[in-house]
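Contents: one structure, followed by commentary.
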Amino acid sequence: MSAAAPPVAAPKVPESVPVPSGFLSRLSVGPCLFGLGLLARLSNVFGVLTPVGVFPQATDSYYHLRRIGYVVRHFPHLPPDSDRYLNFPFGGPVEWPYGFDFCYGTFIQIVTLGQANQWWIYALASVLTPLIGALTACLTFQLGIHLGGRKVGLWAGLLTAILPALTITGGIGYVDHHVFESFWLAFFLLAYVRAIAATSSQSLWQQSILAGCGVTAGLLTTTMIPLLLPLHAGVFFWQMVRVWKEPDLRQRLWGVNALVWGTTSLSLLPFVATRWAEPAGVSPALTISWVLAFSMALVSCLGAQVAGFPVPAGMYRVGWVLLLVLGGLACWRLDFTSATKLVTFGLRHLSTTDPWIASIQESQHLFSKSFRYIAWTYSGFFIFFPVALGWLLVNGWRSSLAGWTLGILTLPLAVLACLQLRFSDIFTVPYALVMGFFIQVMVQKLNQWFGRQPHLATFKFKPLLWAGLGLAFLWPTITEFSFSRPFVVVEGNTFVNLYPSLLWIAEHTPPTSPQGDQPQDYAIAADWNLGHWLLEFSHRPVVASPLGHGVHRQGLRDGAAILTFPPEDSLKLMQTRRVRYVWVTPLNAQQTLRNACWDETTNQAVLTGEENTLLRKSLLAELLGHDGVPFERPAAAVLRHFRLVHETAPDLHYPGLNRPFGMLFERVPGAQLQGQVAPRASVTISAEIRTAEGRTFMYRDTIQADATGTFSGVLPYAGGIQRFSEVCLVQRYKIESDGKTGEVTPSETEVLNGSPLGIQLK
């Protein structure tokens with residue numbers, strides 16, 4: 001813009017955007033909604049804050065806590081962007097947003113004045129999530145007021161406060177970035193709407209910049225906010241179509257979007273143009289987001305300049321220099337190959353053909369659930385949602401830019417939320433606003449109908465009638481709310497049953513280095529669901545974990561293969577992956593086998609036989625069904641190197657089997673038994689084994705002497721007091737051949753080192 005640019009004029013407020021009034025009159029509603037939202041998110045408080053400690057919910061929370069703990073211990077450093085404890089020993093990038101962990105870590109540092117221990121980290125992180133979730137209800141209330149008035153805001157805030165679609169992931173103990181998805185979306189929309197409705201240039205600039213900063217914060221703290229950029233590009237296009245014959249409003253929209261996306265692209269620049277936050281490389285999601293924000297900023301700036309959006313003299317010139325010069329410096333540092341792979345993965349992730357994706361709850365489509373579940377998640381009002389959205393789009397096109405904008409944004413989010421449950425967090429705020437509009441219109445229509453009925457015109461109990469109808473539609477959600485059904489970490493007894501074993505592993509297995517980069521380090525192979533618990537409670541590397549995307553998908557595949565492939569094949573993978581322990585716990589064996597056989601090139605599980613037949617030959621079947629005893633087993637040569645070192649309490653049984661709920665096996669060299677018998681004679685090894693839980697079983701093996709009568713065997717169990725096992729010999733090994741016998745008891749050191757152990761039969 002030249003120096004002769006006209007002075008900045010106060011923008012005209014679009015008639016189709018309502019301007020709220022009476023801020024003080026609605027002050028009391030905000031705290032009430034906050035309190036209601038907080039209460040709804042505390043239903044599992046007694047399962048999180050227990051007499052024996054704090055136990056945050058789910059599995060992903062514990063990997064976030066691992067990263068939050070790093071921030072607390074090394075404040076103000078960001079958590080590492082790669083981790084060898086995952087996908088061991090190769091490791092891989094951690095593409096979760098580091099901003100979430102840093103925000104939580106900073107909050108904990110401030111509250112505890114830098115003196116936080118694990119209890120404080122767990123407790124404060126668990127409590128912060130419902131506070132953020134409750135604030136989302138307040139933001140939605142304010143947003144509803146700006147879009148449609150006080151009643152729309154009240155209904156939208158109420159739904160956001162109590163709907164399980166948000167109260168689950170925003171509940172106490174749920175330390176995951178999902179809570180920020182709805183929060184930052186509501187924050188952005190509120191600032192964006194306020195910018196459009198601003199009555200002064202100063203307010204327009206402030207709210208636009210605030211909206212841009214909200215997008216940046218969302219990109220750094222969540223994995224779903226990157227979706228907002230292409231969605232908003234579509235929304236902006238249809239906004240322009242809607243207001244094309246209104247030049248003042250069109251000019252304002254160009255200017256607001258130029259400020260929003262210019263702020264976003266410039267504030268993101270330090271994170272994408274440098275490696276200070278992510279030394280291993282900028283995450284693909286952030287790369288794509290910045291490119292989109294930068295592109296939208298360029299287009300919006302050009303449109304604003306052409307439309308004549310008023311700015312201070314020389315501001316366009318400064319803006320173009322900043323965008324082009326700094327943007328150009330950033331582009332050459334970006335990894336577009338990884339970004340392309342992420343887009344491909346994201347599109348494929350919408351399909352549940354991958355058995356791992358299909359097994360994840362959040363990847364299920366909405367209509368795979370019962371109507372009761374849907375009504376509980378979104379309330380009974382959900383049955384009106386298609387009609388409400390259609391009405392909002394039609395009415396918005398005719399008379400309301402606010403309604404049109406909300407409808408265009410909600411439509412693709414509704415499709416995504418129906419395809420996969422993972423999108424419910426980012427969908428619920430627009431859903432609540434749409435239903436707020438619809439409920440208000442329905443009440444108005446019914447009031448008009450009452451007014452046209454002479455015998456009902458003086459009916460005094462209409463407010464009670466509306467409250468009763470609202471309660472009826474909220475009933476499926478309200479009736480499920482209870483403080484009397486607490487659970488620890490996950491519903492069911494899986495974690496409670498395995499928690500003592502997680503602590504046992506931490507105390508009774510050889511420690512690994514903090515970075516997992518030393519030659520003596522090893523991994524534990526287990527069901528992928530347990531990966532984050534093993535990292536946080538046992539502090540041991542894992543092969544498979546819930547981080548199953550990118551290179552971690554190979555770790556998930558190998559971890560499943562170790563369990564479900566024949567022992568000979570499992571051993572090869574264990575050697576490659578440096579696996580020392582195999583943890584047998586309840587799992588879906590067929591699903592795990594399909595995970596192991598998944599071929600991304602053909603997009604299907606490539607099985608070499610019938611599932612049950614393959615599983616009967618697997619390492620899992622040998623360890624679970626036979627305690628790994630090699631006697632007369634086809635894979636005896638491999639099984640001789642496995643010993644049971646720990647199992648769960650005797651009253652806990654593997655589902656459907658009279659076997660321990662959890663069994664930990666160690667791969668050991670075994671003491672090398674050597675002796676002399678008749679040429680080619682058969683030698684039998686037997687011993688009674690007792691676990692710490694009092695269960696006993698017989699260990700048996702048969703070996704063949706060579707032509708000279710020399711035999712060698714492997715003894716995996718030791719006698720006496722042991723450091724790394726609570727399973728030991730009841731009596732000495734008994735070695736028999738042709739009526740001659742001998743006894744021997746190896747020490748744990750001999751078993752772990754593979755020491756030779758001679759014996760003479762008599």
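Each chain in the structure tokens gets a letter, A, B, ..., in the order shown, and its residues are numbered from 1; ligands are numbered from 1 in order too.
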Subject >> All residues 12 Å or closer to A:Tyr373, only C-alpha atoms, same chain fewer than 3 positions away omitted, as a list in words >> reply: Leu163, Pro164, Ala165, Leu366, Phe367, Ser368, Lys369, Ser370, Trp376, Thr377, Tyr378, Ser379, Gly380, Phe382, Leu421, Pro476, Thr477 and Glu480 of chain A
**OP:** With a distance cut-off of 8 Å and only C-alpha atoms, select the neighbouring residues of A:Leu135, excluding the residue or stretch itself and same-chain residues fewer than 5 positions from it, and output the selection as number ranges by chain.
**Re:** A: 34, 37, 183
Include N, CA, C and O atoms and write out the residues we just selected as a PDB file, in the first residue's frame.
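Output saved as part21.pdb:
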ATOM      1  N   PHE A  34     -19.184 -23.806  33.958  1.00  0.00           N
ATOM      2  CA  PHE A  34     -17.867 -24.336  34.312  1.00  0.00           C
ATOM      3  C   PHE A  34     -17.998 -25.379  35.416  1.00  0.00           C
ATOM      4  O   PHE A  34     -17.393 -26.460  35.344  1.00  0.00           O
ATOM      5  N   GLY A  37     -19.659 -28.496  33.963  1.00  0.00           N
ATOM      6  CA  GLY A  37     -18.706 -29.215  33.117  1.00  0.00           C
ATOM      7  C   GLY A  37     -17.637 -29.914  33.926  1.00  0.00           C
ATOM      8  O   GLY A  37     -17.235 -31.043  33.608  1.00  0.00           O
ATOM      9  N   PHE A 183     -11.055 -27.454  22.815  1.00  0.00           N
ATOM     10  CA  PHE A 183     -10.751 -26.167  23.450  1.00  0.00           C
ATOM     11  C   PHE A 183     -10.242 -25.158  22.428  1.00  0.00           C
ATOM     12  O   PHE A 183     -10.751 -24.029  22.330  1.00  0.00           O
TER      13      PHE A 183
END
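Shortest atom-to-atom contact with A:Thr263 among A:Leu322, A:Gln444, A:Phe236, A:Tyr522: A:Leu322, counting only C-alpha atoms.
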Subject >> Non-local contacts of stretch 407-412 of chain A (12 Å; only C-alpha atoms; under 6 positions in same chain excluded) as a ChimeraX atom specification >> reply: /A:147,185,189,227-239,241-242,385-397,400-401,418-419,423-424,426-435,437-438
Any chance you can output those residues with N, CA and C atoms as a short mmCIF file (atom, residue, chain, number, x, y, z; two decimals), in the first residue's frame?
data_model
loop_
_atom_site.label_atom_id
_atom_site.label_comp_id
_atom_site.auth_asym_id
_atom_site.auth_seq_id
_atom_site.Cartn_x
_atom_site.Cartn_y
_atom_site.Cartn_z
N LEU A 147 -22.95 -16.03 17.97
CA LEU A 147 -23.51 -16.56 16.73
C LEU A 147 -25.02 -16.41 16.65
N LEU A 185 -10.40 -25.29 19.15
CA LEU A 185 -11.38 -25.02 18.10
C LEU A 185 -12.37 -23.96 18.58
N LEU A 189 -12.78 -20.23 16.92
CA LEU A 189 -14.06 -19.79 16.37
C LEU A 189 -14.58 -18.55 17.08
N LEU A 227 -6.46 -30.41 10.87
CA LEU A 227 -7.64 -30.54 10.02
C LEU A 227 -8.38 -29.22 9.84
N LEU A 228 -8.22 -28.33 10.81
CA LEU A 228 -8.95 -27.06 10.77
C LEU A 228 -8.53 -26.22 9.56
N LEU A 229 -7.28 -26.34 9.13
CA LEU A 229 -6.81 -25.47 8.05
C LEU A 229 -7.48 -25.77 6.72
N PRO A 230 -7.47 -27.02 6.23
CA PRO A 230 -8.21 -27.26 4.99
C PRO A 230 -9.71 -27.07 5.16
N LEU A 231 -10.25 -27.38 6.34
CA LEU A 231 -11.68 -27.16 6.57
C LEU A 231 -12.01 -25.67 6.51
N HIS A 232 -11.16 -24.86 7.12
CA HIS A 232 -11.43 -23.42 7.10
C HIS A 232 -11.27 -22.85 5.69
N ALA A 233 -10.33 -23.40 4.92
CA ALA A 233 -10.20 -22.95 3.54
C ALA A 233 -11.51 -23.16 2.78
N GLY A 234 -12.13 -24.33 3.00
CA GLY A 234 -13.43 -24.59 2.38
C GLY A 234 -14.51 -23.67 2.91
N VAL A 235 -14.50 -23.45 4.23
CA VAL A 235 -15.48 -22.55 4.84
C VAL A 235 -15.34 -21.14 4.27
N PHE A 236 -14.09 -20.67 4.16
CA PHE A 236 -13.85 -19.33 3.66
C PHE A 236 -14.33 -19.18 2.21
N PHE A 237 -14.11 -20.23 1.41
CA PHE A 237 -14.58 -20.19 0.02
C PHE A 237 -16.09 -20.00 -0.02
N TRP A 238 -16.81 -20.81 0.78
CA TRP A 238 -18.27 -20.70 0.76
C TRP A 238 -18.76 -19.43 1.44
N GLN A 239 -17.98 -18.89 2.37
CA GLN A 239 -18.32 -17.57 2.91
C GLN A 239 -18.29 -16.51 1.81
N VAL A 241 -18.60 -17.00 -1.39
CA VAL A 241 -19.73 -17.23 -2.30
C VAL A 241 -21.00 -16.60 -1.71
N ARG A 242 -21.16 -16.78 -0.42
CA ARG A 242 -22.36 -16.28 0.25
C ARG A 242 -22.43 -14.75 0.26
N PHE A 385 -30.30 -34.05 14.45
CA PHE A 385 -29.14 -33.36 13.91
C PHE A 385 -29.18 -33.19 12.39
N PRO A 386 -29.51 -34.23 11.60
CA PRO A 386 -29.55 -34.01 10.14
C PRO A 386 -30.52 -32.90 9.74
N VAL A 387 -31.70 -32.88 10.37
CA VAL A 387 -32.67 -31.83 10.07
C VAL A 387 -32.13 -30.47 10.51
N ALA A 388 -31.52 -30.43 11.71
CA ALA A 388 -31.00 -29.17 12.23
C ALA A 388 -29.91 -28.61 11.33
N LEU A 389 -29.01 -29.47 10.87
CA LEU A 389 -27.92 -29.01 10.01
C LEU A 389 -28.46 -28.54 8.66
N GLY A 390 -29.39 -29.29 8.10
CA GLY A 390 -29.99 -28.88 6.84
C GLY A 390 -30.70 -27.54 6.96
N TRP A 391 -31.47 -27.38 8.04
CA TRP A 391 -32.16 -26.10 8.26
C TRP A 391 -31.17 -24.96 8.40
N LEU A 392 -30.08 -25.19 9.14
CA LEU A 392 -29.09 -24.14 9.37
C LEU A 392 -28.43 -23.71 8.06
N LEU A 393 -28.13 -24.68 7.19
CA LEU A 393 -27.51 -24.35 5.91
C LEU A 393 -28.46 -23.54 5.03
N VAL A 394 -29.71 -23.96 4.96
CA VAL A 394 -30.68 -23.24 4.12
C VAL A 394 -30.95 -21.85 4.68
N ASN A 395 -31.20 -21.78 5.97
CA ASN A 395 -31.48 -20.48 6.58
C ASN A 395 -30.26 -19.57 6.54
N GLY A 396 -29.04 -20.18 6.74
CA GLY A 396 -27.83 -19.38 6.69
C GLY A 396 -27.58 -18.79 5.32
N TRP A 397 -27.86 -19.55 4.28
CA TRP A 397 -27.67 -19.04 2.92
C TRP A 397 -28.61 -17.86 2.64
N SER A 400 -28.35 -15.52 7.15
CA SER A 400 -27.41 -15.45 8.27
C SER A 400 -26.03 -15.96 7.88
N LEU A 401 -25.05 -15.08 7.83
CA LEU A 401 -23.68 -15.51 7.57
C LEU A 401 -23.16 -16.38 8.70
N CYS A 418 -18.76 -39.47 11.90
CA CYS A 418 -19.50 -40.71 11.64
C CYS A 418 -18.56 -41.80 11.14
N LEU A 419 -17.50 -41.42 10.41
CA LEU A 419 -16.56 -42.41 9.90
C LEU A 419 -15.71 -43.01 11.01
N PHE A 423 -12.84 -38.45 15.77
CA PHE A 423 -13.13 -37.07 15.42
C PHE A 423 -14.23 -36.46 16.29
N SER A 424 -14.71 -37.19 17.28
CA SER A 424 -15.82 -36.69 18.09
C SER A 424 -15.44 -35.44 18.88
N ILE A 426 -13.39 -32.94 18.09
CA ILE A 426 -13.38 -31.72 17.28
C ILE A 426 -14.75 -31.45 16.66
N PHE A 427 -15.63 -32.45 16.66
CA PHE A 427 -16.97 -32.29 16.09
C PHE A 427 -17.97 -31.78 17.10
N THR A 428 -17.80 -32.08 18.38
CA THR A 428 -18.86 -31.86 19.36
C THR A 428 -19.17 -30.40 19.59
N VAL A 429 -18.17 -29.52 19.55
CA VAL A 429 -18.45 -28.09 19.74
C VAL A 429 -19.35 -27.55 18.62
N PRO A 430 -19.01 -27.76 17.32
CA PRO A 430 -19.95 -27.33 16.28
C PRO A 430 -21.32 -28.02 16.38
N TYR A 431 -21.31 -29.31 16.75
CA TYR A 431 -22.58 -30.02 16.92
C TYR A 431 -23.44 -29.35 17.98
N ALA A 432 -22.83 -28.99 19.12
CA ALA A 432 -23.59 -28.36 20.19
C ALA A 432 -24.15 -27.01 19.74
N LEU A 433 -23.40 -26.27 18.94
CA LEU A 433 -23.88 -24.98 18.45
C LEU A 433 -25.04 -25.16 17.47
N VAL A 434 -24.91 -26.14 16.58
CA VAL A 434 -26.00 -26.42 15.64
C VAL A 434 -27.28 -26.78 16.40
N MET A 435 -27.14 -27.65 17.40
CA MET A 435 -28.32 -28.05 18.15
C MET A 435 -28.85 -26.88 18.98
N PHE A 437 -28.89 -23.73 18.00
CA PHE A 437 -29.72 -23.00 17.04
C PHE A 437 -31.07 -23.69 16.84
N PHE A 438 -31.01 -25.00 16.65
CA PHE A 438 -32.22 -25.75 16.33
C PHE A 438 -33.20 -25.75 17.50
#
Original post:
Which neighbours of stretch 638-645 of chain A fall inside 6 Å, counting only C-alpha atoms, when residues of the same chain fewer than 2 positions from it are skipped, and could you give them as a list in words?
Top reply: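 Result of the neighbour search: Gly628, Pro630, Ala635, Ala636, Leu664, Phe665, Glu666, Arg667, Val668, Pro669, Pro716, Ser725, Glu726 and Val727 of chain A.
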Written file, previous selection with N, CA, C and O atoms, as a CSV table (one decimal), in the first residue's frame:
chain,number,residue,atom,x,y,z
A,628,GLY,N,6.2,-73.4,28.3
A,628,GLY,CA,7.5,-73.4,27.6
A,628,GLY,C,8.3,-74.7,27.8
A,628,GLY,O,9.5,-74.7,27.4
A,630,PRO,N,9.9,-78.0,26.9
A,630,PRO,CA,10.2,-78.5,25.6
A,630,PRO,C,9.9,-80.0,25.3
A,630,PRO,O,10.1,-80.4,24.2
A,635,ALA,N,9.3,-77.5,18.6
A,635,ALA,CA,10.3,-76.5,18.7
A,635,ALA,C,11.1,-76.6,20.0
A,635,ALA,O,11.5,-75.6,20.6
A,636,ALA,N,11.4,-77.8,20.4
A,636,ALA,CA,12.1,-78.0,21.6
A,636,ALA,C,13.5,-77.3,21.7
A,636,ALA,O,13.8,-76.8,22.7
A,664,LEU,N,5.5,-64.0,32.7
A,664,LEU,CA,6.7,-63.4,32.1
A,664,LEU,C,7.8,-64.4,31.9
A,664,LEU,O,8.2,-65.1,32.9
A,665,PHE,N,8.2,-64.6,30.7
A,665,PHE,CA,9.2,-65.6,30.3
A,665,PHE,C,10.5,-64.8,29.9
A,665,PHE,O,10.4,-63.8,29.2
A,666,GLU,N,11.6,-65.4,30.3
A,666,GLU,CA,12.9,-64.8,30.0
A,666,GLU,C,13.7,-65.7,29.0
A,666,GLU,O,13.7,-66.9,29.2
A,667,ARG,N,14.3,-65.1,28.0
A,667,ARG,CA,15.1,-65.9,27.1
A,667,ARG,C,16.5,-65.9,27.6
A,667,ARG,O,17.2,-64.8,27.8
A,668,VAL,N,17.0,-67.1,28.0
A,668,VAL,CA,18.4,-67.2,28.6
A,668,VAL,C,19.2,-68.2,27.8
A,668,VAL,O,18.7,-69.1,27.2
A,669,PRO,N,20.5,-68.1,28.0
A,669,PRO,CA,21.4,-69.1,27.4
A,669,PRO,C,21.2,-70.5,28.0
A,669,PRO,O,21.3,-71.5,27.4
A,716,PRO,N,17.4,-74.3,31.9
A,716,PRO,CA,17.0,-72.9,32.0
A,716,PRO,C,16.6,-72.4,33.4
A,716,PRO,O,16.6,-71.2,33.6
A,725,SER,N,14.5,-63.8,39.2
A,725,SER,CA,13.4,-64.8,39.0
A,725,SER,C,12.9,-65.1,40.3
A,725,SER,O,13.6,-65.2,41.3
A,726,GLU,N,11.6,-65.4,40.4
A,726,GLU,CA,10.9,-65.9,41.6
A,726,GLU,C,10.4,-67.3,41.3
A,726,GLU,O,9.6,-67.8,42.1
A,727,VAL,N,10.8,-67.9,40.3
A,727,VAL,CA,10.5,-69.3,39.9
A,727,VAL,C,11.8,-70.1,40.0
A,727,VAL,O,12.8,-69.8,39.5
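Atom CA of A:Leu623 sits 28.9 Å away from atom CA of A:His549.
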**OP:** Would you mind telling me which residue in A:Ile288, A:Ala116, A:Met224, A:Glu278 lies nearest to A:Arg73 when using only C-alpha atoms?
**Re:**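 Smallest separation from A:Arg73 among the options: A:Ala116.
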**OP:** Could you please determine the separation between atom CA of A:Thr602 and atom CA of A:His365 in Å, to one decimal place?
**Re:** 23.1 Å
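Per DSSP on the backbone, strand (DSSP E or B) in stretch 431-637 of chain A comprises Ala523, Ile524, Ala525, Val542, Val579, Arg580, Tyr581, Val582, Trp583, Val584, Trp598, Asp599, Gln604 and Ala605 of chain A.
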Original post:
Nearest to A:Leu530 among A:Asn603, A:Asp60, A:Glu568, A:Gln305, with distances taken over only C-alpha atoms: which residue is it?
Top reply: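 Answer, going by the shortest atom-to-atom distance: A:Asp60.
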Original post:
Which is closest to A:Leu334 among A:Asn588, A:Gln364, A:Ser283, A:Thr199, if we use only C-alpha atoms?
Top reply: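 Looking only at the distances to A:Leu334, the closest residue turns out to be A:Ser283.
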Original post:
Could you pull the residues within 9 Å of A:Leu269, counting only C-alpha atoms, minus those fewer than 6 positions along the same chain, as a ChimeraX atom specification?
Top reply: /A:290,326-327,330
C-alpha atoms of the current selection, written as a PDB file, in the first residue's frame:
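This is the output file result34.pdb:
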ATOM      1  CA  TRP A 290       2.504 -24.403   8.038  1.00  0.00           C
ATOM      2  CA  LEU A 326      10.709 -15.516   6.008  1.00  0.00           C
ATOM      3  CA  GLY A 327       8.426 -18.007   4.277  1.00  0.00           C
ATOM      4  CA  ALA A 330      11.416 -21.878   5.896  1.00  0.00           C
TER       5      ALA A 330
END
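Of the listed residues A:Thr648, A:Leu124, A:Ala671, A:Glu507, the one whose atoms come nearest to A:Thr112 is A:Leu124, with distances taken using only C-alpha atoms.
Each of A:Val291, A:Val629, A:Leu298, A:Ala402 was compared to A:Val243 using only C-alpha atoms, and A:Ala402 turns out to be the nearest.
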**OP:** List the neighbours of A:Ala472 out to 12 Å using only C-alpha atoms; skip same-chain residues closer than 5 positions along the sequence, and give me the result as JSON, numbers by chain.
**Re:** {"A": [375, 379, 380, 381, 465, 466, 467, 477, 478, 479]}
**OP:** Between atom CA of A:Leu190 and atom CA of A:Leu139, measure the distance and give it in Å to one decimal.
**Re:**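 Computing the Euclidean distance for atom CA of A:Leu190 and atom CA of A:Leu139 yields 7.2 Å.
Near A:Gln704, within 7 Å and counting only C-alpha atoms, sit Arg680, Ala681, Ser682, Val683 and Phe711 of chain A; same-chain residues fewer than 5 positions away were not included.
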Got time to write the residues from that selection, all heavy atoms, as a compact mmCIF listing (two decimals), in the first residue's frame?
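Listing of result_17.txt after writing:
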# COMPACT_ATOMS: atom_id res chain seq x y z
N ARG A 680 24.49 -92.85 21.35
CA ARG A 680 23.15 -92.61 20.82
C ARG A 680 22.03 -92.95 21.82
O ARG A 680 20.90 -93.24 21.44
CB ARG A 680 22.93 -93.38 19.52
CG ARG A 680 23.98 -93.07 18.46
CD ARG A 680 23.56 -93.53 17.08
NE ARG A 680 24.62 -93.29 16.12
CZ ARG A 680 24.90 -92.13 15.54
NH1 ARG A 680 24.18 -91.07 15.87
NH2 ARG A 680 25.89 -92.00 14.67
N ALA A 681 22.38 -92.93 23.08
CA ALA A 681 21.37 -93.19 24.11
C ALA A 681 20.49 -91.96 24.31
O ALA A 681 20.90 -90.82 24.06
CB ALA A 681 22.05 -93.58 25.42
N SER A 682 19.29 -92.21 24.77
CA SER A 682 18.36 -91.12 25.08
C SER A 682 18.57 -90.67 26.52
O SER A 682 18.70 -91.50 27.43
CB SER A 682 16.92 -91.59 24.87
OG SER A 682 16.02 -90.57 25.24
N VAL A 683 18.61 -89.38 26.72
CA VAL A 683 18.82 -88.79 28.05
C VAL A 683 17.59 -87.95 28.41
O VAL A 683 17.16 -87.10 27.62
CB VAL A 683 20.08 -87.91 28.08
CG1 VAL A 683 20.28 -87.33 29.48
CG2 VAL A 683 21.31 -88.71 27.66
N PHE A 711 26.65 -86.16 25.36
CA PHE A 711 25.39 -85.43 25.25
C PHE A 711 25.55 -84.03 25.83
O PHE A 711 26.41 -83.78 26.69
CB PHE A 711 24.25 -86.17 25.95
CG PHE A 711 24.34 -86.17 27.45
CD1 PHE A 711 23.77 -85.16 28.21
CD2 PHE A 711 25.01 -87.21 28.13
CE1 PHE A 711 23.85 -85.16 29.59
CE2 PHE A 711 25.09 -87.21 29.51
CZ PHE A 711 24.51 -86.19 30.25
**OP:** Write down as a list in words the residues belonging to stretch 292-323 of chain A that are assigned alpha helix (DSSP H) by DSSP computed on the backbone.
**Re:** Leu292, Ala293, Phe294, Ser295, Met296, Ala297, Leu298, Val299, Ser300, Cys301, Leu302, Gly303, Ala304, Gln305, Val306, Ala307, Met315, Tyr316, Arg317, Val318, Gly319, Trp320 and Val321 of chain A
Taking a cut-off of 12 Å and counting only C-alpha atoms, can you build a table that, for each residue of stretch 136-209 of chain A near stretch 75-96 of chain A, reports the nearest atom pair and how far apart they are in Å (one decimal), sorted by chain then residue number, as JSON lines?
{"residue": "A:Asp176", "atom": "CA", "partner": "A:Trp96", "partner_atom": "CA", "distance": 10.1}
{"residue": "A:His177", "atom": "CA", "partner": "A:Trp96", "partner_atom": "CA", "distance": 8.6}
{"residue": "A:His178", "atom": "CA", "partner": "A:Trp96", "partner_atom": "CA", "distance": 11.2}
